[in-house]
Every structure is written in C-alpha cells, then in structure tokens.
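A.B. asks: One structure is given below, represented as structure tokens, and several questions about it will come after.
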Amino acid sequence: MALKKKKNEAKAAPAKKVSKKPSPKKAKRTAKKTTGAKAKTAEAKKPGKTAVEKGYDADDIKVLKGLEAVRRRPAMYIGFTDQRGLHHLLYEVVDNAVDEALAGYCDRIDVVIHEDNSVTVIDDGRGIPVGKLKGTRKPALEVVMTTLHAGGKFDRKAYKVSGGLHGVGLSVVNALSEWLRAEIYRGGYKHVQEFLRGKRKAAMKKAGRVKGTGTKITFMPDKKVFETVSMDNDVVAHRLREIAFLTAGLKINFTDERTDTKEAFHYRGGLEAFVKHINRTRQPLFARPIYVSKTRDDVIVELAIQYHDGFNESVFTFANNINTHEGGTHLTGFRAALTRSINEYATKNNLLKNGDVGLTGDDVREGLTAVLSVKLPSPQFEGQTKTKLGNSEIKGIVSSVVYEGLCDFFEQKPPVLRRIVQKSLAAARAREAARKAKDLARRKTALDNPDLPGKLADCSNTDPTECELFIVEGNSAGGTAKQARDRAFQAILPLRGKILNVEKARADKILQNAEICALIAALGTGFGREDFDVNGVRYHKIILMTDADVDGAHIRTLLLTLFFRHFQDVITSGYLYVAQPPLYMVSAGKEQRYAYTEAELKKVVKELDGKKYKLQRYKGLGEMNPGQLWETTMDPENRTLLRVTLEDASYADEVFSLLMGGEVEPRRKFIEDHAKEVRNLDV
Ligand code: 0RA
C-alpha cells in the first residue's frame, strides 16, 4: 500500500504548502524558469539577423512557435506537470505503437525505464515514415516530431482520441524532453535523428542496413518542465498490463533498469483474460467468461463478463483504450441490456416464480465482474477527470450489441443462465429482507437517528461548504486531534480499530457495524440505493487521517473501499481527501523541521550539513502533540491534502479485494511484490 501512497502523491494536486522550508526556494526556481523562458523568446526576437536570413523558412518559424507554446504551457497539452503528466509522455509513445498493433502491423512493444530515468519504447510496426513529405523538404519523421498535430497528414488512426489528454502527438513528447532520439527501421535501413527540447539537433541520417521494420524512441523528460522525471514502476506496469489485456495477442515487455525488474504482459484471451484476472481472488460461478464482440455503425463493442460468489460489482469500461473511470453512455447501455436480457430469458425459461416481480439492475449486478471496451471515431470525454464517455449515440449501440450477444449466449448455454438467475434472485430476496428489517428497525438504527454519534466532536459552523470532518484512526490519535483542531469548522470522528470488510458483506450486515453507522450519521448522506444522497453531506472536506504504518495504510485502503463502494458521489463531488502527516521531525537546536517523504528527509539532512540533529520517525499520529499535529497536518495554511479521485479509490478497491479475497496465492504474490515498500512504511 506504499504503492497506493506514492500514487496519491503523484495524483492529487496539493493544497497550500506554506511552511515547508524548501518552498521559498521553489518559488524562486519557478520565477527563474518563467523569466528564462521569456528571455529566450526575447532572444529570438532580438534585432540582428532575422530568422529568414538565418535560413529558416516560414514553416520552420511555425514549427518553433508551436513547440514553444507547448513548452510554455505544458499543462494545456498533457494536463499536469507532476508525475501524471510525466506518465502521459510515455503513454503517448506507447499509444502510437498500439495503433500499429491495432492496424495489424505490430505484435511486440518493449518499454524500458533506464537508470537515468530516460525511457525507451521499441515496437515492430511499420516504422514512422522517413521519406520527404510532400510540400516540405523534410523527412516525415522530422515533421511528425516537430509539428503540432502533424498526425493528420497521415491519418493512420481510425479511432482518434480527442478531448482527453491522449493523442497529443509525438511532437509534444519531443517538446517536453531534454533530448529525444528516434531510430526508424524501414526500407532496409536504420534511420536516426536526434532532438533537443523539441528542436532537431541535426538532419536525419542513415545508419546502416537492417532487416525488418519498427520504431525505437528514447527520451529524457525535461527536468525544467516536470516536478519529477522519475516514473512510478507500479503505475506504468498497471497501465501496460491494461493495454495488453485490451489488445489480445500484443506482447508488452517492461523493464525497469533502476530496480532491475522485468515484467511481460501477453494475453491471447484479451478481455476474457482480463475478467479472469480481476476474479483471480474470487470463486467464479462458471469457468469461462461470456464474451460478446461486434462492430456496428463504425463502433467496435467488446465485452466479457463473469459472476463470482461475492456481492460486489466490478465493471471496468474503456473507450479507445482509455479507462473511463467515471463511466458514461457505454456503461449505461450495457447495464440496460444486461437487466433486460436476463429478465427476458428468466421469464422465457420459467425461472421466475409468479410472485417475483422481475429482477432489478442491482439484483443482476451482484457479484458481477465485467470489462467493456468500445472503440469509436470521435469520442467525447467529460467529467471531473475527463474519464466519462459522453457520446449519446453509444448508449443505443452498446445496448443493442450487448442485448443480442447475451440473448445468443443464453440461448446456447441455459445452465449458465440458470446460475445467473439464481444468484440474482438471491440478491433480490436479500434486498427485500434488508428493506423489511430496515423498516422495522427505523428510528432504532443510527442511520435514521438524527442524533449525531457520541464519539463525533462536531464543529460549531453548520455551513457544509466551510466544514471539515477528520476521520481518525484510534481513540488516542482522536484525542490529540480534538485538542489540535479549530472547533469552529473542524469536526473529529475517531474510528476504533479495523472497520468492516465491505468486500464480504451485504448492506444489511454493513448496517450492523457500529463504526460504519457512526460514520454514516456523521456524514449526513444516508446510506444505500434508496437513501443515499450526497446533497445531505455535512462537510465538503472529509479527510482520512491515518498513521504512516502498515495498519494505517490498511485502514486507509479499507475506508477508500467503503467510500468507493457506498459513497461514490462523495468522491466524484471532490469531497474526499487524504491527510499527509509528516514522516519525520528533524530537530537541530531550537529549529524543528518536518519531512513528509524519504526524499525530503535526505534534503533536510543535507541542508543541516554538519549541524548536530535529532531524528524522530513518526509511526503514529499519537506521537505528535496537538500543536505539532495542527501545524503539520491540520492547519489549512500549512498542510497538504490530497484529493481522492475515483481512480485512486478503484485502485484501492482492487488492492483491497486482493488482500482480503479468499485466494491465498495471489495474496502471497502481492505481499511478496510489495514487501519492500511495506517494510519502508513500518521501520
Ligand atoms: C505515421 C504514419 C505511419 C506510422 C506511424 C506514423 C508510426 C508512428 C509510431 C510511433 C511509435 N511507433 C510508431 N509506428 C508507426 C504509417 C506508415 C505507413 O503507411 O507505412
């Protein structure tokens, strides 16, 4: 789960960081950067030789201006200049190689992160064209690498990615790289060209004869642009595995020379293998996933589904290989078709009794694992993180393709249909029983009780937009937090020990858990399909504040899973945060400094050069006194909060089901793979 934390750090935009010592320096650095960029522009405009005199033509000037814009406003092209943006550079190159695979010309991609953080992507596709491009005096390679949106000249892609951050083009990768080297194998020759910050270093050269075709691109992300140039092994591996699942047969080899690790992703079964992979910790109801695939109106629809003996729904959707975490029209179409086809075939086969009123969407999705992938000509991405598919025509297309596919399948495999219907009926009965129990128990449960739980130390302000709720692990840290807080707008809810494993529980059982009931009452949102309403939320900042040790990480994962499963709108509304308590305090004489990461600790120690210092490792929040906790973690002026995205939470959910699932082997492997990070957390 250290992995989770790293991801978070990369993902969320920090709120204010004021007190951290390096920030004035950082500010200076940024200032320098800006003036630096300005100076350069000024230089280019300096009187003297004009661009034309120097041998540039109008096209060259356009090129320089285009890439200069990318360097000046990188976020406009890649979204962020933190680790997320960094990863986008790699994904852009990989996506281009995947396009070759989708066109049927490439079946292998090698990705290597080198020790100096530069990255190489090699594919065995056709190779970027190297001939002179019509209307220019340059090889196509150079145009592709130095011109914004040059892709249009080739129009290799049937399924363009627009609106999102993908598909920005190789020239953006080039512009944001300190250096880039392209090697093209094509027409019997190796061709090489190098670039510096988006500008060609020299003309493309032939460098010997070769057999076969392909492209090799090595780039060094620019330290002047990115906050960090070190890619996260886990995040990259996760994405490459996803791409391999989505592109059946494609071999992706991933080498990280920094850690001397290699992974190979190759799935002949594509989406079927993806679904089996997700269910690897669970007991499936039938061995082989149901698979549907069809192209209609230029839209490719692909779906694999398998039920398991648990209660959760795990549906992953993709549009043009982009993970649509926020769902969209393809998901809506799929859900409608699933409910309709199961109900129809259940009725047709007399599987519903007279008294049964029909299965609801919730009933047919209990214990469902599915992956839905669509490819469409011009996707529109919406939503907070631009991961929601908006094209309205897709709903009907997916719905009809899936409906027909499932009907065909049920026609051929009645035993599988029967098992699904049995499972859905069990879900329907449990839901009905829970509803009755709830009606009976109304007023008795914390759920409907307007009284706030006794453990909650509420704030005096009642305007949700100004209020914060800290969910704190353990009574002792809870006590410190209560003393530390600003009671006007900060509320504290201490949770005792481990909360319930929601992976294994239905709603009725969840409501018997005192900790969760206290949380529901404090949130004010209600709970469950009919009662939950994010508009009732009493705090617009809900902050998970857990210890920086294994237990703390575990509880955070559990809470993220709970929110992901049962309070999802709290996440999509942007109300859920993770607090960032410091890992270390370094005291030298009267001076006290905090370090929030291992890297920061190194820096602080270096800056104290020679001075005697004392190092304290905070294992738990309880080790800080109220003043320290306020100053480092709770004071809005000084703290760093990480906003949780749906992607973070769904990742936590995945990690969690792995850790809590019944299967021992995948769990053992996971713990082994991450043993080092876990140890780091618990020194
Ligand atoms: C433009 C046109 C063609 C291929 C490519 C670009 C291409 C780009 C990348 C980036 C990484 N690997 C790549 N492989 C190919 C089509 C070439 C043709 O028609 O022969």
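Each chain of the structure tokens is named A, B, ... in the order shown, its residues numbered from 1; ligands are numbered from 1 in display order.
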Could you give me, as a list in words, the residues within 7 Å of stretch 247-252 of chain A, counting only C-alpha atoms and dropping anything in the same chain fewer than 4 positions from it?
C.D. replies: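 Using only C-alpha atoms, the neighbours found are Asp107, Arg108, Ile109, Asp110, Ile243, Ala264, Phe265, His266, Tyr267, Arg268, Gly269 and Gly270 of chain A.
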A.B. asks: Which residues sit within 6 Å of ligand 1, counting only C-alpha atoms and all ligand atoms, listed as a list of chain:residue names?
C.D. replies: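 The distance check yields A:Val93, A:Asn96, A:Ala97, A:Glu100, A:Gly125, A:Arg126, A:Gly127, A:Ile128, A:Pro129, A:Phe154, A:Arg156, A:Thr215.
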A.B. asks: Using only C-alpha atoms, pick whichever of A:Arg71, A:Leu456, A:Glu92, A:Phe219 has the shortest atom-to-atom distance to A:Val119.
C.D. replies: A:Phe219
A.B. asks: As a PyMOL selection string, please: all residues of stretch 307-502 of chain A that backbone DSSP puts in alpha helix (DSSP H).
C.D. replies: chain A and resi 329-348+361-364+393-412+414-441+475-484
A.B. asks: Please report the interatomic distance between atom CA of A:Thr480 and atom CA of A:Ala579 in Å with one decimal.
C.D. replies: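 If I compute the distance from atom CA of A:Thr480 to atom CA of A:Ala579, I get 15.0 Å.
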A.B. asks: Could you check which of A:Cys459, A:Ala484, A:Leu90, A:Ala428 is closest to A:Val121, using only C-alpha atoms?
C.D. replies: A:Leu90
A.B. asks: One decimal, in Å: what's the spacing between atom CA of A:Leu601 and atom CA of A:Val586?
C.D. replies: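 Separation of atom CA of A:Leu601 and atom CA of A:Val586: 8.2 Å.
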A.B. asks: Pick from A:Met634, A:Gly528, A:His114, A:Ala649: nearest to A:Thr561, with only C-alpha atoms counted?
C.D. replies: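 Between A:Met634, A:Gly528, A:His114, A:Ala649, the residue approaching A:Thr561 most closely is A:Ala649.
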A.B. asks: Please measure the separation of atom CA of A:Pro414 and atom CA of A:Thr281, giving the value in Å to one decimal.
C.D. replies: 26.2 Å
